[in-house]
file start.txt (compact mmCIF, C-alpha atoms)
# COMPACT_ATOMS: atom_id res chain seq x y z
CA MET A 29 -242.25 -174.91 115.73
CA SER A 30 -241.57 -178.63 116.07
CA ALA A 31 -238.89 -180.19 118.25
CA ALA A 32 -237.11 -181.29 115.07
CA ASP A 33 -237.01 -177.70 113.86
CA ASN A 34 -235.56 -176.61 117.22
CA ARG A 35 -232.84 -179.22 116.99
CA HIS A 36 -232.04 -178.14 113.45
CA GLU A 37 -231.81 -174.50 114.51
CA ARG A 38 -229.52 -175.28 117.42
CA SER A 39 -227.25 -177.34 115.22
CA GLU A 40 -226.62 -174.35 113.00
CA VAL A 41 -225.30 -172.21 115.89
CA VAL A 42 -221.51 -172.15 115.45
CA PRO A 43 -219.46 -170.77 118.34
CA PRO A 44 -217.06 -167.97 117.37
CA ARG A 45 -213.56 -169.17 116.57
CA ARG A 46 -210.71 -167.71 118.62
CA VAL A 47 -208.17 -166.11 116.36
CA LYS A 48 -204.67 -167.03 117.43
CA GLN A 49 -202.45 -163.99 117.66
CA PRO A 50 -199.42 -164.32 115.39
CA ARG A 51 -196.14 -164.67 117.26
CA ILE A 52 -193.88 -161.67 116.79
CA LEU A 53 -190.52 -162.75 115.46
CA MET A 54 -187.54 -161.23 117.23
CA THR A 55 -184.23 -160.50 115.55
CA ASN A 56 -180.93 -160.42 117.40
CA GLN A 57 -180.95 -156.64 117.12
CA ASP A 58 -184.40 -156.56 118.75
CA ALA A 59 -183.17 -158.92 121.46
CA LYS A 60 -180.21 -156.64 122.21
CA LEU A 61 -182.53 -153.66 122.59
CA VAL A 62 -184.69 -155.59 125.04
CA LEU A 63 -181.78 -157.10 126.97
CA SER A 64 -180.07 -153.71 127.26
CA ALA A 65 -182.84 -152.87 129.76
CA TYR A 66 -182.13 -156.03 131.81
CA ARG A 67 -181.02 -155.13 135.33
CA PRO A 68 -177.53 -156.44 136.27
CA ASN A 69 -178.69 -157.92 139.60
CA GLY A 70 -180.76 -160.58 137.81
CA THR A 71 -184.15 -159.60 139.27
CA ASP A 72 -185.65 -159.51 135.75
CA ALA A 73 -184.97 -163.21 135.12
CA ARG A 74 -188.67 -164.13 135.48
CA ASP A 75 -190.12 -161.01 133.90
CA PRO A 76 -192.24 -162.08 130.87
CA PHE A 77 -191.04 -159.02 128.96
CA PHE A 78 -187.52 -160.48 128.74
CA GLU A 79 -188.53 -164.13 128.23
CA GLN A 80 -188.26 -164.32 124.44
CA ALA A 81 -185.03 -162.32 124.32
CA LEU A 82 -183.45 -164.52 127.02
CA GLN A 83 -184.49 -167.68 125.14
CA GLN A 84 -182.96 -166.30 121.97
CA ALA A 85 -179.71 -165.56 123.79
CA LYS A 86 -179.59 -169.16 125.04
CA ARG A 87 -179.89 -170.39 121.46
CA ASP A 88 -177.31 -167.98 120.00
CA PRO A 89 -173.76 -168.16 121.50
CA GLU A 90 -172.74 -164.78 120.03
CA LEU A 91 -175.81 -163.08 121.48
CA MET A 92 -175.20 -164.75 124.86
CA GLU A 93 -171.57 -163.57 124.84
CA TRP A 94 -172.75 -160.02 124.12
CA PHE A 95 -175.33 -160.27 126.91
CA GLU A 96 -172.79 -161.46 129.49
CA LYS A 97 -170.39 -158.64 128.59
CA GLN A 98 -173.25 -156.15 128.71
CA ARG A 99 -174.19 -157.27 132.25
CA ALA A 100 -170.58 -156.99 133.39
CA PHE A 101 -170.36 -153.48 131.96
CA ASP A 102 -173.66 -152.55 133.62
CA ARG A 103 -172.32 -153.68 137.00
CA VAL A 104 -169.33 -151.37 136.58
CA ILE A 105 -171.60 -148.47 135.64
CA VAL A 106 -173.88 -149.16 138.64
CA ALA A 107 -170.86 -149.03 140.95
CA LYS A 108 -169.79 -145.73 139.41
CA LEU A 109 -173.27 -144.18 139.60
CA ARG A 110 -173.53 -145.01 143.28
CA ASN A 111 -170.84 -142.40 143.96
CA ILE A 112 -172.73 -139.63 142.11
CA GLU A 113 -174.87 -137.13 144.01
CA PRO A 114 -177.87 -136.34 141.76
CA PRO A 115 -178.95 -132.69 141.40
CA THR A 116 -182.10 -131.53 143.14
CA GLY A 117 -185.22 -131.88 141.02
CA LEU A 118 -183.79 -134.40 138.55
CA ASN A 119 -186.46 -136.96 139.40
CA SER A 120 -189.24 -134.50 138.51
CA GLN A 121 -187.51 -133.65 135.23
CA ILE A 122 -187.30 -137.34 134.30
CA LEU A 123 -190.99 -137.85 135.08
CA ALA A 124 -191.88 -134.87 132.93
CA GLY A 125 -189.83 -136.26 130.09
CA LEU A 126 -191.49 -139.66 130.44
CA ARG A 127 -194.95 -138.11 130.07
CA ALA A 128 -193.82 -136.48 126.83
CA VAL A 129 -192.65 -139.76 125.27
CA ARG A 130 -194.85 -140.96 122.44
CA VAL A 131 -194.37 -144.30 120.72
CA PRO A 132 -194.54 -144.14 116.88
CA ARG A 133 -197.61 -145.95 115.53
CA HIS A 134 -195.73 -147.50 112.65
CA SER A 135 -192.52 -148.69 114.26
CA ALA A 136 -190.28 -150.98 112.24
CA SER A 137 -190.48 -153.47 115.10
CA PRO A 138 -192.84 -153.62 118.11
CA TRP A 139 -189.91 -154.79 120.22
CA VAL A 140 -188.04 -151.56 119.45
CA ALA A 141 -190.99 -149.49 120.64
CA MET A 142 -191.45 -151.51 123.84
CA ALA A 143 -187.74 -151.44 124.64
CA ALA A 144 -187.61 -147.66 124.11
CA VAL A 145 -190.49 -147.07 126.51
CA LEU A 146 -188.99 -149.43 129.10
CA LEU A 147 -185.57 -147.77 128.92
CA VAL A 148 -187.07 -144.34 129.53
CA ALA A 149 -189.21 -145.69 132.36
CA MET A 150 -186.15 -147.20 134.01
CA MET A 151 -184.63 -143.72 134.28
CA VAL A 152 -187.38 -142.85 136.75
CA LEU A 153 -186.08 -145.59 139.03
CA THR A 154 -182.53 -144.23 139.04
CA PHE A 155 -182.64 -143.10 142.65
CA ASN A 156 -184.16 -146.34 143.92
CA ARG A 157 -182.12 -148.74 141.85
CA PHE A 158 -178.64 -147.30 141.31
CA LEU A 159 -178.28 -145.24 144.46
CA GLU A 160 -179.81 -147.64 146.96
CA PRO A 161 -177.72 -150.37 148.68
CA SER A 162 -176.80 -152.90 146.02
CA GLU A 163 -178.64 -156.19 145.74
CA LEU A 164 -175.58 -157.71 144.10
CA ASP A 165 -173.53 -160.30 145.90
CA ARG A 166 -171.00 -158.42 148.05
CA LEU A 167 -168.03 -160.19 146.47
CA ASP A 168 -169.30 -159.37 142.98
CA GLN A 169 -169.75 -155.76 144.04
CA PHE A 170 -166.17 -155.62 145.28
CA CYS A 171 -165.03 -157.05 141.97
CA SER A 172 -167.04 -154.47 139.99
CA ASP A 173 -165.74 -151.57 142.08
CA CYS A 174 -162.15 -152.75 141.69
CA LEU A 175 -162.56 -152.95 137.92
CA VAL A 176 -163.68 -149.34 137.98
CA GLN A 177 -160.39 -148.52 139.71
CA VAL A 178 -158.22 -150.31 137.14
CA ASN A 179 -160.32 -149.85 133.98
CA SER A 180 -158.64 -146.51 133.27
CA PRO A 181 -154.99 -145.49 133.76
CA VAL A 182 -154.27 -145.95 137.47
CA GLN A 183 -153.02 -142.95 139.44
CA PHE A 184 -150.45 -144.63 141.70
CA ASP A 185 -149.64 -143.38 145.19
CA LEU A 186 -146.10 -144.64 144.59
CA GLU A 187 -144.46 -145.35 141.22
CA SER A 188 -141.73 -147.94 141.54
CA SER A 189 -140.42 -150.97 139.63
CA ASP A 190 -139.32 -152.64 142.90
CA LEU A 191 -141.87 -155.00 144.48
CA ARG A 192 -140.25 -154.73 147.91
CA GLU A 193 -140.56 -150.96 147.83
CA THR A 194 -144.23 -151.03 146.86
CA GLN A 195 -145.10 -153.58 149.55
CA LYS A 196 -143.22 -151.59 152.19
CA TYR A 197 -145.20 -148.50 151.22
CA ILE A 198 -148.47 -150.41 151.62
CA ARG A 199 -147.51 -151.95 154.99
CA THR A 200 -146.41 -148.64 156.51
CA ARG A 201 -149.92 -147.34 155.83
CA ARG A 202 -151.41 -150.43 157.48
CA ALA A 203 -153.15 -151.69 154.37
CA PRO A 204 -153.23 -155.44 153.66
CA THR A 205 -150.55 -157.08 151.51
CA ALA A 206 -150.14 -160.54 149.98
CA THR A 207 -147.30 -162.61 151.41
CA ALA A 208 -147.52 -165.61 149.06
CA ILE A 209 -147.01 -164.00 145.67
CA PRO A 210 -146.00 -166.66 143.10
CA ASP A 211 -142.30 -166.54 142.19
CA SER A 212 -143.22 -166.19 138.51
CA VAL A 213 -144.97 -162.91 139.40
CA ALA A 214 -142.67 -161.68 142.18
CA THR A 215 -139.74 -161.52 139.76
CA MET A 216 -141.60 -159.13 137.44
CA PRO A 217 -141.12 -155.36 137.65
CA THR A 218 -143.96 -153.35 139.10
CA ALA A 219 -145.43 -150.12 137.80
CA GLY A 220 -146.48 -148.86 141.22
CA CYS A 221 -149.03 -149.22 143.98
CA LYS A 222 -151.88 -147.41 145.71
CA ILE A 223 -154.30 -147.88 148.58
CA PHE A 224 -157.97 -146.93 148.75
CA ARG A 225 -161.07 -147.56 150.86
CA TRP A 226 -163.89 -149.93 149.94
CA GLU A 227 -166.93 -150.08 152.23
CA GLY A 228 -164.77 -148.87 155.11
CA GLN A 229 -162.00 -151.45 154.47
CA TRP A 230 -158.50 -150.70 153.20
CA VAL A 231 -157.58 -152.20 149.83
CA SER A 232 -154.09 -152.32 148.38
CA LEU A 233 -153.37 -152.36 144.65
CA THR A 234 -150.05 -153.43 143.15
CA CYS A 235 -149.54 -153.35 139.39
CA PHE A 236 -147.12 -155.80 137.73
CA LYS A 237 -145.79 -155.47 134.18
CA LEU A 238 -146.22 -158.70 132.19
CA PRO A 239 -143.64 -159.57 129.51
CA SER A 240 -146.41 -159.24 126.89
CA GLY A 241 -146.81 -155.55 127.78
CA ASP A 242 -150.13 -156.02 129.59
CA SER A 243 -150.56 -155.34 133.30
CA LEU A 244 -151.43 -157.76 136.08
CA GLN A 245 -153.25 -156.11 138.97
CA LEU A 246 -153.04 -157.48 142.51
CA LEU A 247 -155.74 -156.27 144.93
CA VAL A 248 -155.81 -157.31 148.57
CA ILE A 249 -158.51 -156.76 151.22
CA ASP A 250 -159.20 -158.19 154.67
CA GLY A 251 -161.51 -161.21 154.56
CA GLU A 252 -163.73 -159.63 157.22
CA ALA A 253 -165.17 -157.48 154.45
CA PHE A 254 -167.04 -160.58 153.27
CA GLU A 255 -167.87 -162.00 156.71
CA ARG A 256 -165.39 -164.81 156.18
CA ARG A 257 -167.66 -166.41 153.56
CA PRO A 258 -166.14 -169.03 151.19
CA ILE A 259 -164.42 -167.41 148.22
CA PRO A 260 -164.68 -169.05 144.75
CA THR A 261 -161.16 -169.52 143.38
CA ASP A 262 -161.88 -170.43 139.77
CA PHE A 263 -160.83 -168.20 136.87
CA ARG A 264 -163.50 -165.87 135.51
CA GLU A 265 -163.87 -163.48 132.59
CA ILE A 266 -165.83 -160.24 133.02
CA GLY A 267 -165.95 -157.57 130.34
CA GLY A 268 -162.59 -158.52 128.83
CA TRP A 269 -160.90 -158.86 132.24
CA HIS A 270 -159.53 -162.23 133.37
CA LEU A 271 -159.93 -162.63 137.12
CA LYS A 272 -159.00 -164.99 139.91
CA PHE A 273 -159.76 -164.81 143.64
CA GLN A 274 -157.61 -166.38 146.35
CA GLU A 275 -157.70 -166.60 150.15
CA GLU A 276 -154.55 -166.21 152.20
CA ASN A 277 -154.22 -165.88 155.99
CA GLY A 278 -157.58 -164.15 156.43
CA LYS A 279 -157.14 -161.95 153.36
CA VAL A 280 -158.95 -162.01 150.03
CA ILE A 281 -156.80 -161.54 146.94
CA LEU A 282 -158.05 -160.54 143.51
CA TRP A 283 -155.86 -160.89 140.43
CA ALA A 284 -157.06 -159.01 137.33
CA SER A 285 -155.58 -158.63 133.85
CA ARG A 286 -156.61 -157.96 130.27
CA ALA A 287 -153.92 -160.35 129.05
CA SER A 288 -155.10 -163.62 127.53
CA MET A 289 -156.50 -166.22 129.89
CA ASP A 290 -153.70 -168.64 128.95
CA GLU A 291 -151.05 -166.06 129.86
CA VAL A 292 -152.70 -165.23 133.18
CA LYS A 293 -153.00 -168.92 134.07
CA SER A 294 -149.33 -169.50 133.26
CA TYR A 295 -148.32 -167.11 136.06
CA LEU A 296 -151.02 -167.93 138.63
call {"tool": "encode", "arguments": {"input": "start.txt", "output": "structure tokens"}}
result
Amino acid sequence: MSAADNRHERSEVVPPRRVKQPRILMTNQDAKLVLSAYRPNGTDARDPFFEQALQQAKRDPELMEWFEKQRAFDRVIVAKLRNIEPPTGLNSQILAGLRAVRVPRHSASPWVAMAAVLLVAMMVLTFNRFLEPSELDRLDQFCSDCLVQVNSPVQFDLESSDLRETQKYIRTRRAPTATAIPDSVATMPTAGCKIFRWEGQWVSLTCFKLPSGDSLQLLVIDGEAFERRPIPTDFREIGGWHLKFQEENGKVILWASRASMDEVKSYL
């Protein structure tokens, strides 16, 4: 065979073309299923599994609002689960259930199948994730735990409409109180007060009755609980609650209410 024939033969060799995999489109419903498995401490921020759903949330304000509320709710649930003692053998039962999970071959959406498997797999990590010391910022954890306290009807240690009476009750039990309550709040009637422990520190709770019918919760704890770290004092919204932190004479104060943000700001 001549050299010309060899060149002709080589020229006919065409390398295989790489077929580009089609990009799977994600709906908002798919994104919610994926993001519902997102851990509230933010450690999944760089996980490729969540990348497309997170990008979609950044582009869609309604989806981002849902995601932020979902994370706030998850933090409350994590705080609640930390107080639960799991039954013996539950971990083995979860593992057995995971082995029995089978993903349908013809799922309406591949994201639904992946999210379902991930959610079941996360149950296996219950002991290590929910019951271990929290990776959340300590101040955020305090906030989440307090919202658990006030998210349902509060069982007061003392029911009274008199602010002086509630504060006297708290002081006699050597729990912290706020001394610089705004006049616009101090003139309101109270529903009652209670004290409880958080991470070994006493916390006082005083509930005020707003003219609108909503409640305004005042929670006070010693600043040593946060190692005297700087406290952000801006207004925040978490899961429908409007919050504001303050520092006063070595104490940390948390105001919380479900009233509108404008109403809360008008009193604080």
call {"tool": "atom_distance", "arguments": {"input": "start.txt", "atom1": "atom CA of A:Val280", "atom2": "atom CA of A:Pro258"}}
result
10.1 Å
call {"tool": "closest_residue", "arguments": {"input": "start.txt", "among": "A:Lys222, A:Arg87, A:Lys97, A:Arg264", "to": "A:Val182", "atoms": "all atoms listed in the file"}}
result
A:Lys222
call {"tool": "closest_residue", "arguments": {"input": "start.txt", "among": "A:Asp168, A:Glu276, A:Glu79, A:Glu291", "to": "A:Thr205", "atoms": "all atoms listed in the file"}}
result
A:Glu276
call {"tool": "atom_distance", "arguments": {"input": "start.txt", "atom1": "atom CA of A:Glu96", "atom2": "atom CA of A:Ser285"}}
result
18.0 Å
call {"tool": "atom_distance", "arguments": {"input": "start.txt", "atom1": "atom CA of A:Thr71", "atom2": "atom CA of A:Asp250"}}
result
29.4 Å
call {"tool": "closest_residue", "arguments": {"input": "start.txt", "among": "A:Tyr295, A:Trp283, A:Phe77, A:Phe101", "to": "A:Phe263", "atoms": "all atoms listed in the file"}}
result
A:Trp283
call {"tool": "closest_residue", "arguments": {"input": "start.txt", "among": "A:Gln229, A:Thr55, A:Thr234, A:Ser172", "to": "A:Arg192", "atoms": "only C-alpha atoms"}}
result
A:Thr234
call {"tool": "decode", "arguments": {"input": "start.txt", "residues": "stretch 165-202 of chain A", "atoms": "C-alpha atoms", "output": "tab-separated table (two decimals), in the first residue's frame"}}
result
chain	number	residue	atom	x	y	z
A	165	ASP	CA	-24.29	29.94	66.03
A	166	ARG	CA	-25.01	29.99	69.78
A	167	LEU	CA	-27.10	33.15	69.56
A	168	ASP	CA	-29.17	31.66	66.73
A	169	GLN	CA	-29.65	28.52	68.79
A	170	PHE	CA	-30.89	30.57	71.73
A	171	CYS	CA	-33.30	32.33	69.40
A	172	SER	CA	-34.60	29.02	68.00
A	173	ASP	CA	-35.07	27.52	71.46
A	174	CYS	CA	-36.93	30.60	72.68
A	175	LEU	CA	-39.27	30.44	69.69
A	176	VAL	CA	-40.07	26.88	70.67
A	177	GLN	CA	-41.08	28.22	74.09
A	178	VAL	CA	-43.41	30.91	72.71
A	179	ASN	CA	-44.62	29.21	69.49
A	180	SER	CA	-47.46	27.53	71.38
A	181	PRO	CA	-49.64	28.91	74.21
A	182	VAL	CA	-47.24	29.77	77.03
A	183	GLN	CA	-47.80	28.16	80.42
A	184	PHE	CA	-47.00	31.08	82.73
A	185	ASP	CA	-45.52	30.64	86.19
A	186	LEU	CA	-47.47	33.74	87.20
A	187	GLU	CA	-50.49	35.23	85.42
A	188	SER	CA	-50.78	38.94	86.05
A	189	SER	CA	-51.63	42.11	84.11
A	190	ASP	CA	-49.27	44.17	86.33
A	191	LEU	CA	-45.71	44.58	84.99
A	192	ARG	CA	-44.33	45.40	88.44
A	193	GLU	CA	-45.76	42.19	89.84
A	194	THR	CA	-44.31	40.03	87.08
A	195	GLN	CA	-40.85	41.61	87.39
A	196	LYS	CA	-40.89	41.19	91.17
A	197	TYR	CA	-41.71	37.50	90.72
A	198	ILE	CA	-38.76	37.09	88.35
A	199	ARG	CA	-36.29	38.97	90.61
A	200	THR	CA	-37.22	37.00	93.72
A	201	ARG	CA	-36.21	33.85	91.85
A	202	ARG	CA	-32.92	35.48	90.85
